[in-house]
Amino acid sequence: MYYCNINKRRSLLKIQNWKNDLMQILKDDIKERIIDVARKQFKQKGFIKASMRDIAKEVNIGVGNIYNYFHNKDELFHCVVKPVTNILEKMLLKHHGENGLEVLYKNKEENIQNMSNELFSFINGNKELLDILFFKAQGSSLENFSETFTDQATLIIKAWFIENKKRHPEINTNFSDFLIHIHTVWQFSLLRELVMHDIGEEEMKKVIQEYIVFETKGWKELIGI
(Lines give C-alpha, C1' and ligand atoms only; values in the text may rest on other atoms or scores of the structure.)
Protein backbone atom coordinates (compact mmCIF):
# COMPACT_ATOMS: atom_id res chain seq x y z
CA MET A 1 0.00 0.00 0.00
CA TYR A 2 2.88 2.37 0.85
CA TYR A 3 4.48 1.89 -2.56
CA CYS A 4 1.10 2.32 -4.26
CA ASN A 5 0.68 5.66 -2.55
CA ILE A 6 4.18 6.73 -3.63
CA ASN A 7 3.46 5.78 -7.23
CA LYS A 8 0.14 7.60 -7.05
CA ARG A 9 1.78 10.77 -5.72
CA ARG A 10 4.43 10.53 -8.43
CA SER A 11 1.75 10.19 -11.08
CA LEU A 12 -0.15 13.17 -9.71
CA LEU A 13 3.06 15.19 -9.60
CA LYS A 14 3.82 14.33 -13.22
CA ILE A 15 0.31 15.36 -14.24
CA GLN A 16 0.67 18.66 -12.36
CA ASN A 17 4.07 19.33 -13.94
CA TRP A 18 2.58 18.56 -17.35
CA LYS A 19 -0.26 20.99 -16.69
CA ASN A 20 2.20 23.66 -15.56
CA ASP A 21 4.30 23.15 -18.67
CA LEU A 22 1.20 23.34 -20.85
CA MET A 23 0.06 26.55 -19.16
CA GLN A 24 3.50 28.09 -19.67
CA ILE A 25 3.43 27.14 -23.36
CA LEU A 26 -0.01 28.72 -23.70
CA LYS A 27 1.17 31.88 -21.90
CA ASP A 28 4.27 32.11 -24.11
CA ASP A 29 2.11 31.62 -27.19
CA ILE A 30 -0.25 34.44 -26.16
CA LYS A 31 2.71 36.71 -25.40
CA GLU A 32 4.20 36.08 -28.83
CA ARG A 33 0.83 36.76 -30.46
CA ILE A 34 0.57 40.05 -28.57
CA ILE A 35 4.05 41.06 -29.77
CA ASP A 36 3.25 40.06 -33.35
CA VAL A 37 -0.01 42.02 -33.43
CA ALA A 38 1.60 45.00 -31.68
CA ARG A 39 4.37 45.06 -34.29
CA LYS A 40 1.74 45.38 -37.03
CA GLN A 41 -0.14 48.06 -35.11
CA PHE A 42 3.02 50.11 -34.44
CA LYS A 43 4.05 49.75 -38.07
CA GLN A 44 0.67 50.97 -39.36
CA LYS A 45 -0.23 53.61 -36.76
CA GLY A 46 2.92 54.49 -34.85
CA PHE A 47 3.33 54.33 -31.09
CA ILE A 48 0.95 57.18 -30.20
CA LYS A 49 -2.05 56.00 -32.21
CA ALA A 50 -1.62 52.26 -31.58
CA SER A 51 -4.16 51.08 -29.02
CA MET A 52 -3.72 48.41 -26.36
CA ARG A 53 -7.47 47.76 -26.65
CA ASP A 54 -7.19 47.13 -30.40
CA ILE A 55 -4.16 44.89 -29.90
CA ALA A 56 -5.99 42.84 -27.26
CA LYS A 57 -9.07 42.59 -29.48
CA GLU A 58 -7.04 41.25 -32.43
CA VAL A 59 -5.27 38.74 -30.17
CA ASN A 60 -8.74 37.77 -28.90
CA ILE A 61 -8.07 38.44 -25.22
CA GLY A 62 -9.52 40.94 -22.79
CA VAL A 63 -7.77 44.30 -22.64
CA GLY A 64 -7.13 43.72 -18.93
CA ASN A 65 -5.41 40.44 -19.71
CA ILE A 66 -2.80 42.12 -21.89
CA TYR A 67 -1.46 43.86 -18.78
CA ASN A 68 -0.62 40.47 -17.30
CA TYR A 69 2.12 40.32 -19.92
CA PHE A 70 3.12 43.97 -20.33
CA HIS A 71 2.79 46.75 -17.77
CA ASN A 72 2.06 49.38 -20.39
CA LYS A 73 2.28 50.21 -24.09
CA ASP A 74 5.82 51.53 -23.74
CA GLU A 75 7.07 48.22 -22.33
CA LEU A 76 5.35 46.43 -25.21
CA PHE A 77 7.02 48.77 -27.71
CA HIS A 78 10.40 48.04 -26.15
CA CYS A 79 9.74 44.32 -26.49
CA VAL A 80 8.72 44.65 -30.14
CA VAL A 81 11.91 46.46 -31.19
CA LYS A 82 14.21 44.63 -28.74
CA PRO A 83 15.69 42.36 -31.46
CA VAL A 84 17.19 45.34 -33.30
CA THR A 85 18.21 47.40 -30.25
CA ASN A 86 19.99 44.33 -28.88
CA ILE A 87 21.85 43.74 -32.15
CA LEU A 88 22.94 47.38 -32.36
CA GLU A 89 24.35 47.22 -28.83
CA LYS A 90 26.11 43.91 -29.52
CA MET A 91 27.64 45.25 -32.74
CA LEU A 92 28.93 48.34 -30.91
CA LEU A 93 30.58 46.24 -28.21
CA LYS A 94 31.88 43.71 -30.73
CA HIS A 95 33.78 46.35 -32.67
CA HIS A 96 34.55 48.97 -30.02
CA GLY A 97 33.93 47.40 -26.63
CA GLU A 98 36.50 46.37 -24.06
CA ASN A 99 37.29 43.28 -26.12
CA GLY A 100 36.65 44.91 -29.48
CA LEU A 101 38.74 44.72 -32.63
CA GLU A 102 42.35 45.83 -32.62
CA VAL A 103 42.66 49.24 -34.24
CA LEU A 104 45.39 47.95 -36.58
CA TYR A 105 42.94 45.35 -37.90
CA LYS A 106 40.26 47.95 -38.61
CA ASN A 107 41.38 48.77 -42.15
CA LYS A 108 42.16 45.20 -43.22
CA GLU A 109 40.24 44.08 -46.29
CA GLU A 110 38.93 41.03 -44.45
CA ASN A 111 37.49 43.23 -41.71
CA ILE A 112 35.95 45.63 -44.21
CA GLN A 113 34.21 42.74 -45.97
CA ASN A 114 33.03 41.22 -42.70
CA MET A 115 31.62 44.55 -41.50
CA SER A 116 29.88 45.10 -44.83
CA ASN A 117 28.27 41.65 -44.74
CA GLU A 118 27.28 42.07 -41.11
CA LEU A 119 25.62 45.44 -41.68
CA PHE A 120 23.84 44.26 -44.84
CA SER A 121 22.42 41.19 -43.09
CA PHE A 122 21.27 43.31 -40.17
CA ILE A 123 19.47 45.92 -42.28
CA ASN A 124 18.07 43.55 -44.89
CA GLY A 125 16.71 41.19 -42.26
CA ASN A 126 15.20 43.82 -39.96
CA LYS A 127 13.78 46.58 -42.16
CA GLU A 128 10.35 46.53 -40.57
CA LEU A 129 11.61 46.72 -36.99
CA LEU A 130 14.14 49.41 -37.90
CA ASP A 131 11.36 51.39 -39.56
CA ILE A 132 9.30 51.14 -36.35
CA LEU A 133 12.26 52.15 -34.18
CA PHE A 134 13.35 55.09 -36.33
CA PHE A 135 10.05 56.45 -37.63
CA LYS A 136 7.20 55.16 -35.45
CA ALA A 137 8.58 55.67 -31.91
CA GLN A 138 7.33 59.22 -31.31
CA GLY A 139 5.72 59.39 -27.87
CA SER A 140 7.59 56.37 -26.51
CA SER A 141 10.67 56.33 -24.28
CA LEU A 142 12.63 55.21 -27.36
CA GLU A 143 11.71 58.33 -29.31
CA ASN A 144 15.30 59.60 -28.98
CA PHE A 145 16.98 56.21 -29.22
CA SER A 146 19.43 57.32 -31.93
CA GLU A 147 20.62 60.30 -29.90
CA THR A 148 20.95 58.29 -26.68
CA PHE A 149 22.78 55.49 -28.46
CA THR A 150 25.09 58.01 -30.14
CA ASP A 151 26.08 59.47 -26.76
CA GLN A 152 26.72 55.98 -25.39
CA ALA A 153 28.71 54.97 -28.47
CA THR A 154 30.85 58.12 -28.27
CA LEU A 155 32.00 57.21 -24.75
CA ILE A 156 32.64 53.55 -25.65
CA ILE A 157 34.57 54.36 -28.83
CA LYS A 158 36.61 57.03 -27.02
CA ALA A 159 37.58 54.45 -24.38
CA TRP A 160 38.41 51.97 -27.16
CA PHE A 161 40.84 54.45 -28.75
CA ILE A 162 42.48 55.11 -25.37
CA GLU A 163 43.06 51.38 -24.82
CA ASN A 164 44.45 50.95 -28.33
CA LYS A 165 46.76 53.93 -27.76
CA LYS A 166 48.24 52.09 -24.77
CA ARG A 167 48.99 49.05 -26.91
CA HIS A 168 50.12 51.06 -29.94
CA PRO A 169 51.76 54.33 -28.80
CA GLU A 170 52.64 55.18 -32.39
CA ILE A 171 49.04 55.80 -33.47
CA ASN A 172 47.39 59.21 -33.29
CA THR A 173 44.24 59.57 -31.17
CA ASN A 174 44.37 63.33 -30.84
CA PHE A 175 41.05 64.10 -32.47
CA SER A 176 37.91 65.59 -31.01
CA ASP A 177 35.23 63.65 -29.18
CA PHE A 178 32.71 65.38 -31.39
CA LEU A 179 34.21 63.72 -34.46
CA ILE A 180 33.46 60.34 -32.86
CA HIS A 181 29.95 61.61 -32.15
CA ILE A 182 29.49 62.66 -35.78
CA HIS A 183 30.83 59.28 -36.92
CA THR A 184 27.98 57.51 -35.09
CA VAL A 185 25.44 60.03 -36.39
CA TRP A 186 26.54 59.17 -39.93
CA GLN A 187 25.96 55.48 -39.26
CA PHE A 188 22.41 56.12 -38.09
CA SER A 189 21.83 58.33 -41.12
CA LEU A 190 22.94 55.44 -43.33
CA LEU A 191 20.57 53.06 -41.53
CA ARG A 192 17.64 55.46 -41.81
CA GLU A 193 18.20 56.14 -45.50
CA LEU A 194 18.51 52.45 -46.40
CA VAL A 195 15.35 51.65 -44.44
CA MET A 196 13.44 54.61 -45.87
CA HIS A 197 14.24 53.98 -49.54
CA ASP A 198 13.17 50.89 -51.43
CA ILE A 199 16.39 49.79 -53.11
CA GLY A 200 17.40 46.33 -54.28
CA GLU A 201 19.69 44.02 -52.35
CA GLU A 202 22.61 44.36 -54.76
CA GLU A 203 22.50 48.14 -54.66
CA MET A 204 22.23 48.04 -50.86
CA LYS A 205 25.29 45.78 -50.67
CA LYS A 206 27.21 48.18 -52.90
CA VAL A 207 26.24 51.25 -50.87
CA ILE A 208 27.18 49.59 -47.59
CA GLN A 209 30.50 48.35 -49.00
CA GLU A 210 31.34 51.85 -50.26
CA TYR A 211 30.37 53.42 -46.94
CA ILE A 212 32.49 50.99 -44.91
CA VAL A 213 35.51 51.55 -47.17
CA PHE A 214 35.08 55.34 -47.05
CA GLU A 215 34.62 55.39 -43.28
CA THR A 216 37.46 52.95 -42.58
CA LYS A 217 40.04 54.55 -44.85
CA GLY A 218 39.19 57.93 -43.35
CA TRP A 219 40.06 56.70 -39.87
CA LYS A 220 43.24 55.17 -41.25
CA GLU A 221 44.43 58.60 -42.38
CA LEU A 222 43.56 60.25 -39.06
CA ILE A 223 45.12 57.53 -36.93
CA GLY A 224 48.24 57.48 -39.10
CA ILE A 225 48.48 53.76 -39.87
# chains A, B, ... in the order shown; residues from 1 in each chain; ligands from 1
call {"tool": "residues_around", "arguments": {"residues": "range 202-207 of chain A", "least_positions_apart": "6", "cutoff": "8 Å", "atoms": "only C-alpha atoms", "output": "NGL selection string"}}
result
:A and (116-117 or 120 or 194)
call {"tool": "closest_atom_pairs", "arguments": {"of": "range 141-205 of chain A", "to": "range 77-81 of chain A", "cutoff": "12 Å", "atoms": "only C-alpha atoms", "output": "JSON lines"}}
result
{"residue": "A:Ser141", "atom": "CA", "partner": "A:His78", "partner_atom": "CA", "distance": 8.5}
{"residue": "A:Leu142", "atom": "CA", "partner": "A:His78", "partner_atom": "CA", "distance": 7.6}
{"residue": "A:Glu143", "atom": "CA", "partner": "A:Phe77", "partner_atom": "CA", "distance": 10.8}
{"residue": "A:Phe145", "atom": "CA", "partner": "A:His78", "partner_atom": "CA", "distance": 10.9}
call {"tool": "write_last_selection", "arguments": {"atoms": "N, CA and C atoms", "output": "PDB file, in the first residue's frame"}}
result
ATOM      1  N   SER A 141       9.394  56.009 -24.922  1.00  0.00           N
ATOM      2  CA  SER A 141      10.667  56.328 -24.278  1.00  0.00           C
ATOM      3  C   SER A 141      11.846  56.055 -25.204  1.00  0.00           C
ATOM      4  N   LEU A 142      11.582  55.454 -26.368  1.00  0.00           N
ATOM      5  CA  LEU A 142      12.633  55.213 -27.360  1.00  0.00           C
ATOM      6  C   LEU A 142      12.593  56.244 -28.487  1.00  0.00           C
ATOM      7  N   GLU A 143      11.831  57.300 -28.288  1.00  0.00           N
ATOM      8  CA  GLU A 143      11.708  58.332 -29.307  1.00  0.00           C
ATOM      9  C   GLU A 143      13.067  58.904 -29.698  1.00  0.00           C
ATOM     10  N   PHE A 145      16.038  57.321 -29.316  1.00  0.00           N
ATOM     11  CA  PHE A 145      16.983  56.214 -29.216  1.00  0.00           C
ATOM     12  C   PHE A 145      18.296  56.514 -29.937  1.00  0.00           C
TER      13      PHE A 145
END
call {"tool": "closest_atom_pairs", "arguments": {"of": "range 118-199 of chain A", "to": "range 91-103 of chain A", "cutoff": "12 Å", "atoms": "only C-alpha atoms", "output": "Markdown table"}}
result
| residue | atom | partner | partner_atom | distance |
| --- | --- | --- | --- | --- |
| A:Glu118 | CA | A:Met91 | CA | 9.0 |
| A:Leu119 | CA | A:Met91 | CA | 9.2 |
| A:Phe122 | CA | A:Met91 | CA | 10.0 |
| A:Phe149 | CA | A:Leu92 | CA | 9.7 |
| A:Thr150 | CA | A:Leu92 | CA | 10.4 |
| A:Gln152 | CA | A:Leu92 | CA | 9.7 |
| A:Ala153 | CA | A:Leu92 | CA | 7.1 |
| A:Thr154 | CA | A:His96 | CA | 10.0 |
| A:Leu155 | CA | A:His96 | CA | 10.1 |
| A:Ile156 | CA | A:Gly97 | CA | 6.4 |
| A:Ile157 | CA | A:His96 | CA | 5.5 |
| A:Lys158 | CA | A:His96 | CA | 8.8 |
| A:Ala159 | CA | A:Glu98 | CA | 8.2 |
| A:Trp160 | CA | A:His96 | CA | 5.7 |
| A:Phe161 | CA | A:Val103 | CA | 7.8 |
| A:Ile162 | CA | A:Val103 | CA | 10.6 |
| A:Glu163 | CA | A:Glu98 | CA | 8.3 |
| A:Asn164 | CA | A:Val103 | CA | 6.4 |
| A:Lys165 | CA | A:Val103 | CA | 9.0 |
| A:Lys166 | CA | A:Val103 | CA | 11.4 |
| A:Arg167 | CA | A:Glu102 | CA | 9.3 |
| A:His168 | CA | A:Val103 | CA | 8.8 |
| A:Pro169 | CA | A:Val103 | CA | 11.8 |
| A:Glu170 | CA | A:Val103 | CA | 11.8 |
| A:Ile171 | CA | A:Val103 | CA | 9.2 |
| A:Asn172 | CA | A:Val103 | CA | 11.1 |
| A:Thr173 | CA | A:Val103 | CA | 10.9 |
| A:Ile180 | CA | A:His96 | CA | 11.8 |
| A:Thr184 | CA | A:Leu92 | CA | 10.1 |
| A:Gln187 | CA | A:Leu92 | CA | 11.4 |
call {"tool": "atom_distance", "arguments": {"atom1": "CA of His181 in chain A", "atom2": "CA of Glu201 in chain A"}}
result
28.7 Å
call {"tool": "atom_distance", "arguments": {"atom1": "CA of Met52 in chain A", "atom2": "CA of Ser146 in chain A"}}
result
25.4 Å
call {"tool": "closest_residue", "arguments": {"among": "A:Arg53, A:Arg39, A:His183, A:Lys90", "to": "Asp131 in chain A", "atoms": "only C-alpha atoms"}}
result
A:Arg39
call {"tool": "select_by_dssp", "arguments": {"residues": "chain A", "states": "alpha helix (DSSP H)", "output": "MDAnalysis selection string"}}
result
chainID A and resid 2:49 52:59 63:66 73:96 109:125 127:135 145:167 177:196 201:223
call {"tool": "decode", "arguments": {"residues": "range 189-214 of chain A", "atoms": "N, CA and C atoms", "output": "PDB file, in the first residue's frame"}}
result
ATOM      1  N   SER A 189      22.375  57.744 -39.899  1.00  0.00           N
ATOM      2  CA  SER A 189      21.833  58.335 -41.123  1.00  0.00           C
ATOM      3  C   SER A 189      21.809  57.300 -42.240  1.00  0.00           C
ATOM      4  N   LEU A 190      22.874  56.515 -42.331  1.00  0.00           N
ATOM      5  CA  LEU A 190      22.938  55.440 -43.326  1.00  0.00           C
ATOM      6  C   LEU A 190      21.806  54.436 -43.097  1.00  0.00           C
ATOM      7  N   LEU A 191      21.619  54.020 -41.848  1.00  0.00           N
ATOM      8  CA  LEU A 191      20.567  53.061 -41.526  1.00  0.00           C
ATOM      9  C   LEU A 191      19.197  53.609 -41.914  1.00  0.00           C
ATOM     10  N   ARG A 192      18.935  54.850 -41.522  1.00  0.00           N
ATOM     11  CA  ARG A 192      17.638  55.458 -41.813  1.00  0.00           C
ATOM     12  C   ARG A 192      17.376  55.527 -43.317  1.00  0.00           C
ATOM     13  N   GLU A 193      18.376  55.974 -44.064  1.00  0.00           N
ATOM     14  CA  GLU A 193      18.197  56.137 -45.502  1.00  0.00           C
ATOM     15  C   GLU A 193      17.952  54.803 -46.194  1.00  0.00           C
ATOM     16  N   LEU A 194      18.668  53.764 -45.771  1.00  0.00           N
ATOM     17  CA  LEU A 194      18.505  52.448 -46.397  1.00  0.00           C
ATOM     18  C   LEU A 194      17.164  51.830 -46.027  1.00  0.00           C
ATOM     19  N   VAL A 195      16.662  52.148 -44.836  1.00  0.00           N
ATOM     20  CA  VAL A 195      15.348  51.650 -44.435  1.00  0.00           C
ATOM     21  C   VAL A 195      14.246  52.431 -45.152  1.00  0.00           C
ATOM     22  N   MET A 196      14.450  53.726 -45.300  1.00  0.00           N
ATOM     23  CA  MET A 196      13.437  54.609 -45.865  1.00  0.00           C
ATOM     24  C   MET A 196      13.234  54.364 -47.355  1.00  0.00           C
ATOM     25  N   HIS A 197      14.318  54.083 -48.080  1.00  0.00           N
ATOM     26  CA  HIS A 197      14.235  53.977 -49.537  1.00  0.00           C
ATOM     27  C   HIS A 197      14.201  52.508 -49.969  1.00  0.00           C
ATOM     28  N   ASP A 198      13.356  52.251 -50.927  1.00  0.00           N
ATOM     29  CA  ASP A 198      13.175  50.886 -51.431  1.00  0.00           C
ATOM     30  C   ASP A 198      14.196  50.613 -52.530  1.00  0.00           C
ATOM     31  N   ILE A 199      15.361  50.111 -52.128  1.00  0.00           N
ATOM     32  CA  ILE A 199      16.390  49.787 -53.114  1.00  0.00           C
ATOM     33  C   ILE A 199      16.651  48.286 -53.074  1.00  0.00           C
ATOM     34  N   GLY A 200      17.152  47.761 -54.174  1.00  0.00           N
ATOM     35  CA  GLY A 200      17.396  46.326 -54.283  1.00  0.00           C
ATOM     36  C   GLY A 200      18.562  45.876 -53.414  1.00  0.00           C
ATOM     37  N   GLU A 201      18.649  44.571 -53.220  1.00  0.00           N
ATOM     38  CA  GLU A 201      19.690  44.019 -52.352  1.00  0.00           C
ATOM     39  C   GLU A 201      21.084  44.297 -52.884  1.00  0.00           C
ATOM     40  N   GLU A 202      21.271  44.159 -54.184  1.00  0.00           N
ATOM     41  CA  GLU A 202      22.606  44.356 -54.756  1.00  0.00           C
ATOM     42  C   GLU A 202      23.062  45.801 -54.600  1.00  0.00           C
ATOM     43  N   GLU A 203      22.137  46.733 -54.833  1.00  0.00           N
ATOM     44  CA  GLU A 203      22.497  48.142 -54.656  1.00  0.00           C
ATOM     45  C   GLU A 203      22.787  48.448 -53.197  1.00  0.00           C
ATOM     46  N   MET A 204      22.002  47.837 -52.290  1.00  0.00           N
ATOM     47  CA  MET A 204      22.235  48.039 -50.865  1.00  0.00           C
ATOM     48  C   MET A 204      23.612  47.523 -50.469  1.00  0.00           C
ATOM     49  N   LYS A 205      23.964  46.351 -50.952  1.00  0.00           N
ATOM     50  CA  LYS A 205      25.288  45.782 -50.666  1.00  0.00           C
ATOM     51  C   LYS A 205      26.386  46.733 -51.129  1.00  0.00           C
ATOM     52  N   LYS A 206      26.204  47.286 -52.323  1.00  0.00           N
ATOM     53  CA  LYS A 206      27.208  48.178 -52.902  1.00  0.00           C
ATOM     54  C   LYS A 206      27.351  49.445 -52.063  1.00  0.00           C
ATOM     55  N   VAL A 207      26.217  50.025 -51.679  1.00  0.00           N
ATOM     56  CA  VAL A 207      26.235  51.252 -50.873  1.00  0.00           C
ATOM     57  C   VAL A 207      26.930  51.007 -49.532  1.00  0.00           C
ATOM     58  N   ILE A 208      26.591  49.900 -48.886  1.00  0.00           N
ATOM     59  CA  ILE A 208      27.184  49.587 -47.585  1.00  0.00           C
ATOM     60  C   ILE A 208      28.679  49.345 -47.723  1.00  0.00           C
ATOM     61  N   GLN A 209      29.081  48.612 -48.761  1.00  0.00           N
ATOM     62  CA  GLN A 209      30.503  48.352 -48.996  1.00  0.00           C
ATOM     63  C   GLN A 209      31.260  49.664 -49.196  1.00  0.00           C
ATOM     64  N   GLU A 210      30.695  50.563 -49.993  1.00  0.00           N
ATOM     65  CA  GLU A 210      31.343  51.851 -50.263  1.00  0.00           C
ATOM     66  C   GLU A 210      31.434  52.685 -48.987  1.00  0.00           C
ATOM     67  N   TYR A 211      30.364  52.656 -48.190  1.00  0.00           N
ATOM     68  CA  TYR A 211      30.371  53.421 -46.943  1.00  0.00           C
ATOM     69  C   TYR A 211      31.443  52.909 -45.987  1.00  0.00           C
ATOM     70  N   ILE A 212      31.517  51.585 -45.830  1.00  0.00           N
ATOM     71  CA  ILE A 212      32.493  50.993 -44.905  1.00  0.00           C
ATOM     72  C   ILE A 212      33.917  51.324 -45.353  1.00  0.00           C
ATOM     73  N   VAL A 213      34.177  51.228 -46.643  1.00  0.00           N
ATOM     74  CA  VAL A 213      35.512  51.553 -47.172  1.00  0.00           C
ATOM     75  C   VAL A 213      35.827  53.018 -46.919  1.00  0.00           C
ATOM     76  N   PHE A 214      34.873  53.894 -47.234  1.00  0.00           N
ATOM     77  CA  PHE A 214      35.076  55.335 -47.049  1.00  0.00           C
ATOM     78  C   PHE A 214      35.321  55.666 -45.583  1.00  0.00           C
TER      79      PHE A 214
END
